[in-house]
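Enquirer: Sending over final37.pdb (PDB, C-alpha atoms, pLDDT in the B column).
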ATOM      1  CA  LEU A   1     -23.402 -34.032 -82.793  1.00 86.00           C
ATOM      2  CA  SER A   2     -23.546 -30.375 -81.742  1.00 87.00           C
ATOM      3  CA  ILE A   3     -27.138 -30.808 -80.518  1.00 89.00           C
ATOM      4  CA  LEU A   4     -26.104 -33.823 -78.428  1.00 93.00           C
ATOM      5  CA  ILE A   5     -23.165 -31.883 -76.964  1.00 94.00           C
ATOM      6  CA  VAL A   6     -25.448 -28.972 -76.040  1.00 93.00           C
ATOM      7  CA  LEU A   7     -27.968 -31.269 -74.322  1.00 95.00           C
ATOM      8  CA  ILE A   8     -25.201 -32.935 -72.312  1.00 96.00           C
ATOM      9  CA  ALA A   9     -23.797 -29.521 -71.399  1.00 95.00           C
ATOM     10  CA  VAL A  10     -27.128 -28.143 -70.166  1.00 96.00           C
ATOM     11  CA  VAL A  11     -27.755 -31.273 -68.070  1.00 97.00           C
ATOM     12  CA  PHE A  12     -24.369 -30.673 -66.450  1.00 97.00           C
ATOM     13  CA  ILE A  13     -25.249 -27.000 -65.890  1.00 96.00           C
ATOM     14  CA  GLY A  14     -28.492 -27.994 -64.167  1.00 96.00           C
ATOM     15  CA  PHE A  15     -26.610 -30.499 -62.003  1.00 97.00           C
ATOM     16  CA  LEU A  16     -24.022 -27.842 -61.168  1.00 96.00           C
ATOM     17  CA  ASN A  17     -26.738 -25.367 -60.144  1.00 96.00           C
ATOM     18  CA  GLY A  18     -28.115 -28.021 -57.810  1.00 96.00           C
ATOM     19  CA  TYR A  19     -24.654 -28.507 -56.355  1.00 96.00           C
ATOM     20  CA  PHE A  20     -24.311 -24.785 -55.672  1.00 95.00           C
ATOM     21  CA  VAL A  21     -27.692 -24.703 -53.945  1.00 95.00           C
ATOM     22  CA  PHE A  22     -27.653 -27.908 -51.923  1.00 95.00           C
ATOM     23  CA  LYS A  23     -23.971 -28.462 -51.227  1.00 94.00           C
ATOM     24  CA  LEU A  24     -22.606 -24.912 -51.064  1.00 94.00           C
ATOM     25  CA  LYS A  25     -25.860 -23.544 -49.560  1.00 93.00           C
ATOM     26  CA  ILE A  26     -26.162 -20.669 -52.035  1.00 94.00           C
ATOM     27  CA  PRO A  27     -29.764 -19.383 -52.417  1.00 92.00           C
ATOM     28  CA  SER A  28     -31.288 -20.796 -55.590  1.00 91.00           C
ATOM     29  CA  LEU A  29     -32.107 -17.387 -57.089  1.00 88.00           C
ATOM     30  CA  ILE A  30     -28.518 -16.202 -56.601  1.00 93.00           C
ATOM     31  CA  ALA A  31     -27.047 -19.458 -57.918  1.00 93.00           C
ATOM     32  CA  THR A  32     -29.148 -19.586 -61.081  1.00 92.00           C
ATOM     33  CA  LEU A  33     -28.913 -15.893 -61.939  1.00 90.00           C
ATOM     34  CA  GLY A  34     -25.193 -15.893 -61.161  1.00 92.00           C
ATOM     35  CA  SER A  35     -24.577 -18.849 -63.463  1.00 93.00           C
ATOM     36  CA  LEU A  36     -26.715 -17.156 -66.118  1.00 92.00           C
ATOM     37  CA  PHE A  37     -24.424 -14.122 -66.199  1.00 91.00           C
ATOM     38  CA  ILE A  38     -21.317 -16.320 -66.140  1.00 93.00           C
ATOM     39  CA  TYR A  39     -22.421 -18.392 -69.141  1.00 92.00           C
ATOM     40  CA  ARG A  40     -23.656 -15.307 -70.970  1.00 91.00           C
ATOM     41  CA  GLY A  41     -20.220 -13.765 -70.471  1.00 91.00           C
ATOM     42  CA  LEU A  42     -18.591 -16.926 -71.848  1.00 91.00           C
ATOM     43  CA  ILE A  43     -20.823 -16.696 -74.916  1.00 89.00           C
ATOM     44  CA  TYR A  44     -19.687 -13.120 -75.538  1.00 90.00           C
ATOM     45  CA  PHE A  45     -16.065 -14.204 -75.122  1.00 91.00           C
ATOM     46  CA  ILE A  46     -16.365 -17.194 -77.470  1.00 88.00           C
ATOM     47  CA  THR A  47     -18.325 -15.383 -80.207  1.00 87.00           C
ATOM     48  CA  GLY A  48     -16.675 -11.996 -79.832  1.00 88.00           C
ATOM     49  CA  GLY A  49     -20.156 -10.492 -79.656  1.00 86.00           C
ATOM     50  CA  PHE A  50     -21.083 -11.570 -83.190  1.00 89.00           C
ATOM     51  CA  GLY A  51     -23.895 -13.841 -84.320  1.00 87.00           C
ATOM     52  CA  VAL A  52     -23.193 -17.381 -85.475  1.00 86.00           C
ATOM     53  CA  HIS A  53     -25.046 -18.816 -88.471  1.00 86.00           C
ATOM     54  CA  ILE A  54     -25.980 -22.407 -89.206  1.00 85.00           C
ATOM     55  CA  PRO A  55     -23.964 -23.471 -92.293  1.00 83.00           C
ATOM     56  CA  SER A  56     -26.117 -23.488 -95.413  1.00 81.00           C
ATOM     57  CA  GLU A  57     -25.503 -27.194 -96.049  1.00 80.00           C
ATOM     58  CA  TYR A  58     -27.170 -28.053 -92.731  1.00 81.00           C
ATOM     59  CA  LYS A  59     -30.221 -25.789 -92.952  1.00 79.00           C
ATOM     60  CA  ASP A  60     -32.216 -28.428 -94.832  1.00 79.00           C
ATOM     61  CA  SER A  61     -31.184 -31.315 -92.593  1.00 82.00           C
ATOM     62  CA  PHE A  62     -33.847 -33.489 -90.948  1.00 81.00           C
ATOM     63  CA  LEU A  63     -33.156 -32.255 -87.406  1.00 84.00           C
ATOM     64  CA  ILE A  64     -33.053 -28.570 -88.280  1.00 83.00           C
ATOM     65  CA  LYS A  65     -36.319 -28.796 -90.221  1.00 81.00           C
ATOM     66  CA  HIS A  66     -38.184 -30.689 -87.529  1.00 83.00           C
ATOM     67  CA  LEU A  67     -36.849 -28.618 -84.638  1.00 86.00           C
ATOM     68  CA  GLY A  68     -37.228 -25.256 -86.305  1.00 77.00           C
ATOM     69  CA  GLY A  69     -39.584 -23.483 -88.623  1.00 67.00           C
ATOM     70  CA  GLU A  70     -40.611 -26.239 -91.002  1.00 66.00           C
ATOM     71  CA  THR A  71     -44.413 -26.491 -90.925  1.00 68.00           C
ATOM     72  CA  LEU A  72     -45.805 -30.022 -90.894  1.00 63.00           C
ATOM     73  CA  ILE A  73     -49.397 -29.633 -89.705  1.00 66.00           C
ATOM     74  CA  GLY A  74     -51.691 -26.933 -91.076  1.00 66.00           C
ATOM     75  CA  GLY A  75     -48.952 -24.358 -91.496  1.00 70.00           C
ATOM     76  CA  VAL A  76     -48.177 -24.355 -87.755  1.00 76.00           C
ATOM     77  CA  ASN A  77     -44.564 -23.684 -86.837  1.00 81.00           C
ATOM     78  CA  ASN A  78     -42.821 -26.756 -85.452  1.00 85.00           C
ATOM     79  CA  ILE A  79     -41.661 -24.849 -82.366  1.00 87.00           C
ATOM     80  CA  PHE A  80     -45.309 -24.427 -81.370  1.00 86.00           C
ATOM     81  CA  LEU A  81     -45.871 -28.160 -81.843  1.00 88.00           C
ATOM     82  CA  TRP A  82     -42.911 -28.904 -79.560  1.00 90.00           C
ATOM     83  CA  PHE A  83     -44.401 -26.426 -77.095  1.00 91.00           C
ATOM     84  CA  ILE A  84     -47.734 -28.292 -77.053  1.00 92.00           C
ATOM     85  CA  LEU A  85     -45.993 -31.677 -76.802  1.00 93.00           C
ATOM     86  CA  SER A  86     -43.923 -30.539 -73.827  1.00 95.00           C
ATOM     87  CA  ILE A  87     -47.073 -29.252 -72.095  1.00 95.00           C
ATOM     88  CA  VAL A  88     -48.790 -32.619 -72.513  1.00 96.00           C
ATOM     89  CA  VAL A  89     -45.762 -34.669 -71.434  1.00 96.00           C
ATOM     90  CA  PHE A  90     -44.991 -32.639 -68.321  1.00 96.00           C
ATOM     91  CA  THR A  91     -48.661 -32.387 -67.364  1.00 95.00           C
ATOM     92  CA  VAL A  92     -48.795 -36.172 -67.365  1.00 96.00           C
ATOM     93  CA  ILE A  93     -45.562 -36.362 -65.365  1.00 95.00           C
ATOM     94  CA  LEU A  94     -46.755 -33.838 -62.816  1.00 93.00           C
ATOM     95  CA  THR A  95     -50.257 -35.210 -62.344  1.00 93.00           C
ATOM     96  CA  ARG A  96     -49.967 -38.948 -63.072  1.00 94.00           C
ATOM     97  CA  THR A  97     -46.588 -40.041 -61.707  1.00 95.00           C
ATOM     98  CA  ARG A  98     -45.016 -40.524 -58.303  1.00 95.00           C
ATOM     99  CA  PHE A  99     -42.326 -37.976 -59.148  1.00 95.00           C
ATOM    100  CA  GLY A 100     -44.962 -35.338 -59.907  1.00 94.00           C
ATOM    101  CA  ASN A 101     -46.686 -36.058 -56.611  1.00 94.00           C
ATOM    102  CA  HIS A 102     -43.356 -35.669 -54.835  1.00 95.00           C
ATOM    103  CA  VAL A 103     -42.747 -32.331 -56.600  1.00 94.00           C
ATOM    104  CA  TYR A 104     -46.024 -30.949 -55.243  1.00 93.00           C
ATOM    105  CA  ALA A 105     -45.317 -32.389 -51.784  1.00 93.00           C
ATOM    106  CA  VAL A 106     -41.834 -30.889 -51.581  1.00 94.00           C
ATOM    107  CA  GLY A 107     -43.064 -27.547 -52.921  1.00 90.00           C
ATOM    108  CA  ASP A 108     -45.899 -27.422 -50.410  1.00 87.00           C
ATOM    109  CA  HIS A 109     -44.054 -28.566 -47.278  1.00 90.00           C
ATOM    110  CA  PRO A 110     -40.524 -30.019 -47.529  1.00 91.00           C
ATOM    111  CA  LEU A 111     -40.368 -31.193 -43.916  1.00 93.00           C
ATOM    112  CA  SER A 112     -43.678 -33.016 -44.200  1.00 92.00           C
ATOM    113  CA  ALA A 113     -42.532 -34.655 -47.445  1.00 92.00           C
ATOM    114  CA  PHE A 114     -39.244 -35.678 -45.817  1.00 94.00           C
ATOM    115  CA  SER A 115     -41.100 -37.254 -42.899  1.00 92.00           C
ATOM    116  CA  ARG A 116     -42.900 -39.471 -45.437  1.00 91.00           C
ATOM    117  CA  GLY A 117     -39.712 -40.693 -47.074  1.00 93.00           C
ATOM    118  CA  VAL A 118     -39.407 -38.126 -49.868  1.00 94.00           C
ATOM    119  CA  SER A 119     -36.018 -36.446 -50.262  1.00 95.00           C
ATOM    120  CA  PRO A 120     -36.549 -32.715 -50.936  1.00 95.00           C
ATOM    121  CA  VAL A 121     -32.930 -32.336 -52.052  1.00 95.00           C
ATOM    122  CA  LYS A 122     -33.212 -35.155 -54.595  1.00 96.00           C
ATOM    123  CA  ILE A 123     -36.518 -33.905 -56.020  1.00 96.00           C
ATOM    124  CA  LYS A 124     -35.334 -30.292 -56.301  1.00 95.00           C
ATOM    125  CA  TRP A 125     -32.013 -31.375 -57.801  1.00 96.00           C
ATOM    126  CA  ILE A 126     -33.813 -33.368 -60.484  1.00 97.00           C
ATOM    127  CA  ALA A 127     -36.035 -30.332 -61.113  1.00 95.00           C
ATOM    128  CA  PHE A 128     -32.945 -28.167 -61.661  1.00 96.00           C
ATOM    129  CA  VAL A 129     -31.652 -30.625 -64.257  1.00 97.00           C
ATOM    130  CA  ILE A 130     -35.023 -30.864 -66.045  1.00 96.00           C
ATOM    131  CA  CYS A 131     -35.412 -27.071 -66.167  1.00 94.00           C
ATOM    132  CA  SER A 132     -31.907 -26.688 -67.563  1.00 95.00           C
ATOM    133  CA  LEU A 133     -32.507 -29.425 -70.140  1.00 96.00           C
ATOM    134  CA  MET A 134     -35.738 -27.820 -71.351  1.00 94.00           C
ATOM    135  CA  ALA A 135     -34.109 -24.370 -71.522  1.00 92.00           C
ATOM    136  CA  GLY A 136     -31.339 -25.868 -73.643  1.00 93.00           C
ATOM    137  CA  PHE A 137     -33.837 -27.595 -75.913  1.00 94.00           C
ATOM    138  CA  ALA A 138     -35.779 -24.330 -76.318  1.00 91.00           C
ATOM    139  CA  GLY A 139     -32.547 -22.598 -77.320  1.00 90.00           C
ATOM    140  CA  ILE A 140     -31.777 -25.303 -79.876  1.00 91.00           C
ATOM    141  CA  ALA A 141     -35.272 -25.062 -81.384  1.00 90.00           C
ATOM    142  CA  THR A 142     -35.090 -21.265 -81.535  1.00 89.00           C
ATOM    143  CA  ILE A 143     -31.747 -21.338 -83.330  1.00 89.00           C
ATOM    144  CA  ALA A 144     -32.986 -24.048 -85.707  1.00 88.00           C
ATOM    145  CA  ASN A 145     -35.924 -21.782 -86.535  1.00 86.00           C
ATOM    146  CA  SER A 146     -33.938 -18.604 -87.150  1.00 85.00           C
ATOM    147  CA  ALA A 147     -30.731 -20.317 -88.389  1.00 83.00           C
ATOM    148  CA  THR A 148     -28.768 -17.737 -86.388  1.00 85.00           C
ATOM    149  CA  ALA A 149     -27.571 -17.581 -82.793  1.00 86.00           C
ATOM    150  CA  TYR A 150     -27.038 -14.103 -81.376  1.00 86.00           C
ATOM    151  CA  PRO A 151     -25.100 -13.486 -78.123  1.00 86.00           C
ATOM    152  CA  THR A 152     -28.069 -11.439 -76.858  1.00 85.00           C
ATOM    153  CA  LEU A 153     -30.575 -14.212 -77.546  1.00 84.00           C
ATOM    154  CA  GLY A 154     -32.757 -14.773 -74.477  1.00 82.00           C
ATOM    155  CA  THR A 155     -31.831 -11.520 -72.740  1.00 82.00           C
ATOM    156  CA  GLU A 156     -34.405 -10.586 -70.044  1.00 80.00           C
ATOM    157  CA  LEU A 157     -36.386 -13.781 -70.665  1.00 84.00           C
ATOM    158  CA  GLU A 158     -35.527 -14.929 -67.145  1.00 85.00           C
ATOM    159  CA  LEU A 159     -37.758 -12.202 -65.717  1.00 86.00           C
ATOM    160  CA  GLN A 160     -40.489 -12.832 -68.294  1.00 87.00           C
ATOM    161  CA  SER A 161     -40.540 -16.529 -67.423  1.00 88.00           C
ATOM    162  CA  ILE A 162     -41.097 -15.725 -63.749  1.00 89.00           C
ATOM    163  CA  ALA A 163     -43.858 -13.273 -64.689  1.00 91.00           C
ATOM    164  CA  ALA A 164     -45.474 -15.884 -66.950  1.00 91.00           C
ATOM    165  CA  CYS A 165     -45.553 -18.408 -64.101  1.00 91.00           C
ATOM    166  CA  VAL A 166     -47.133 -15.896 -61.739  1.00 92.00           C
ATOM    167  CA  MET A 167     -49.702 -14.934 -64.385  1.00 91.00           C
ATOM    168  CA  GLY A 168     -50.476 -18.619 -64.815  1.00 92.00           C
ATOM    169  CA  GLY A 169     -51.376 -19.088 -61.157  1.00 92.00           C
ATOM    170  CA  ILE A 170     -48.131 -20.598 -59.878  1.00 92.00           C
ATOM    171  CA  VAL A 171     -47.300 -19.695 -56.289  1.00 89.00           C
ATOM    172  CA  LEU A 172     -43.597 -18.866 -56.029  1.00 85.00           C
ATOM    173  CA  SER A 173     -43.418 -20.279 -52.508  1.00 83.00           C
ATOM    174  CA  GLY A 174     -44.263 -23.688 -54.000  1.00 84.00           C
ATOM    175  CA  GLY A 175     -46.924 -26.374 -53.909  1.00 86.00           C
ATOM    176  CA  ILE A 176     -49.520 -24.712 -56.169  1.00 90.00           C
ATOM    177  CA  GLY A 177     -49.504 -24.451 -59.944  1.00 91.00           C
ATOM    178  CA  THR A 178     -49.961 -26.329 -63.201  1.00 93.00           C
ATOM    179  CA  ILE A 179     -48.053 -26.783 -66.441  1.00 93.00           C
ATOM    180  CA  TRP A 180     -51.050 -25.452 -68.385  1.00 93.00           C
ATOM    181  CA  GLY A 181     -51.130 -22.350 -66.206  1.00 94.00           C
ATOM    182  CA  ALA A 182     -47.473 -21.569 -66.878  1.00 92.00           C
ATOM    183  CA  ALA A 183     -47.978 -22.222 -70.603  1.00 93.00           C
ATOM    184  CA  LEU A 184     -50.971 -19.887 -70.793  1.00 92.00           C
ATOM    185  CA  GLY A 185     -49.070 -17.231 -68.860  1.00 92.00           C
ATOM    186  CA  ALA A 186     -46.170 -17.496 -71.310  1.00 89.00           C
ATOM    187  CA  PHE A 187     -48.548 -17.374 -74.278  1.00 87.00           C
ATOM    188  CA  PHE A 188     -50.387 -14.262 -73.099  1.00 87.00           C
ATOM    189  CA  LEU A 189     -47.174 -12.520 -72.059  1.00 85.00           C
ATOM    190  CA  SER A 190     -45.460 -13.217 -75.393  1.00 80.00           C
ATOM    191  CA  THR A 191     -48.565 -12.081 -77.274  1.00 76.00           C
ATOM    192  CA  ARG A 192     -48.628  -8.848 -75.325  1.00 65.00           C
ATOM    193  CA  SER A 193     -44.905  -8.304 -75.967  1.00 62.00           C
ATOM    194  CA  GLU A 194     -45.445  -8.835 -79.691  1.00 57.00           C
ATOM    195  CA  GLU A 195     -48.299  -6.321 -79.709  1.00 54.00           C
ATOM    196  CA  ARG A 196     -46.053  -3.708 -78.071  1.00 57.00           C
ATOM    197  CA  ARG A 197     -43.277  -4.421 -80.566  1.00 55.00           C
ATOM    198  CA  VAL A 198     -45.603  -4.054 -83.558  1.00 48.00           C
ATOM    199  CA  GLY A 199     -47.050  -0.866 -82.050  1.00 59.00           C
ATOM    200  CA  LYS A 200     -43.615   0.660 -81.662  1.00 56.00           C
ATOM    201  CA  GLU A 201     -42.686  -0.225 -85.240  1.00 53.00           C
ATOM    202  CA  GLY A 202     -45.950   1.328 -86.489  1.00 58.00           C
ATOM    203  CA  ARG A 203     -45.328   4.589 -84.600  1.00 61.00           C
ATOM    204  CA  SER A 204     -41.740   4.808 -85.851  1.00 60.00           C
ATOM    205  CA  ARG A 205     -42.986   4.556 -89.421  1.00 59.00           C
TER     206      ARG A 205
END
Now, as a test, write the supplied structure out as structure tokens.
Expert:
Amino acid sequence: LSILIVLIAVVFIGFLNGYFVFKLKIPSLIATLGSLFIYRGLIYFITGGFGVHIPSEYKDSFLIKHLGGETLIGGVNNIFLWFILSIVVFTVILTRTRFGNHVYAVGDHPLSAFSRGVSPVKIKWIAFVICSLMAGFAGIATIANSATAYPTLGTELELQSIAACVMGGIVLSGGIGTIWGAALGAFFLSTRSEERRVGKEGRSR
């Protein structure tokens, strides 16, 4: 039930971000970063700054195992399997569907897309909702893996995600980029971050 509530909440957050951008005319970067700090503040207020643990009786539940760290195939963490699945699904959506074609068209030239019957507002609004939904799902999977939710979880990842997209060949002005490129950028960036973390721990010892 809590997972369902979270998914509904993040869909609403994505819709609300679209409302701020397209109805209130707030720049998307300001709207999304502003809402990020607002919700992060609410998390601190609700938790009092302390971590929240998954109750022990739920740690072995079907959903927690299959969303989190239970290994089903060759000792690979389930989060990585979800990562691969999402890459495949959204690659198909972006390259094989009308919606994906419209995303590229709107990103490349909104006025040209509009002249051909594509609504840039509708496409971007849907994209806001999808991004929010996937961010929420990633948070759920991360918590299922660690069994603990910290108020600082995800801090500074917003900047790393932008860097990963740029590393993966995505043009921030729109119209150029692939799901695989963003995934590879995220993989290399996270690997590099892990190397720095291990190096710091080694020097401190």
Enquirer: I'd like the box whose edges run along x, y and z of the file and which contains every listed atom of range 90-107 of chain A, padded by 6 Å per side; could you state its centre and edge lengths in Å, one decimal, as JSON?
Expert:
{"center_x": -46.0, "center_y": -34.0, "center_z": -60.0, "size_x": 20.4, "size_y": 25.0, "size_z": 28.7}
Enquirer: Figure out the distance between CA of Leu159 in chain A and CA of Ile123 in chain A, please, to one decimal in Å.
Expert: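 A separation of 23.8 Å between them.
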Enquirer: Can you list what the PyMOL selection byres ((chain A and resi 143) around 12) grabs from this structure, as a PyMOL selection string?
Expert: chain A and resi 3+51-54+59+63-65+67-69+79+136-142+144-151+153-154
Enquirer: Please measure the separation of CA of Leu94 in chain A and CA of Phe114 in chain A, giving the value in Å to one decimal.
Expert: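 Answer for the CA of Leu94 in chain A to CA of Phe114 in chain A separation: 18.7 Å.
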Enquirer: Enter the distance from CA of Phe83 in chain A to CA of Leu157 in chain A, in Å, rounded to one decimal.
Expert: 16.3 Å
Enquirer: Of the residues A:Leu1, A:Leu42, A:His102, A:Asn78, which is the one nearest to Gly117 in chain A, using all atoms listed in the file?
Expert: A:His102
Enquirer: Residues within 9 Å of range 125-128 of chain A, please, as a count of residues only. Count only C-alpha atoms; anything in the same chain fewer than 6 positions from it doesn't count.
Expert: 11
Enquirer: Here's the selection I'm unsure about, the PyMOL selection byres ((chain A and resi 166-178) around 8); applied to the file above, which residues does it give, as a count of residues only?
Expert: 20
Enquirer: Could you check which of A:Phe12, A:Ser2, A:Thr152, A:Ile38 is closest to Phe50 in chain A, using all atoms listed in the file?
Expert: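 Nearest candidate to Phe50 in chain A out of A:Phe12, A:Ser2, A:Thr152, A:Ile38: A:Thr152.
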Enquirer: Counting all atoms listed in the file, which of A:Phe20, A:Thr191, A:Pro120, A:Gly49 gets nearest to Thr32 in chain A?
Expert: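 Going through A:Phe20, A:Thr191, A:Pro120, A:Gly49 one by one, the smallest distance to Thr32 in chain A is for A:Phe20.
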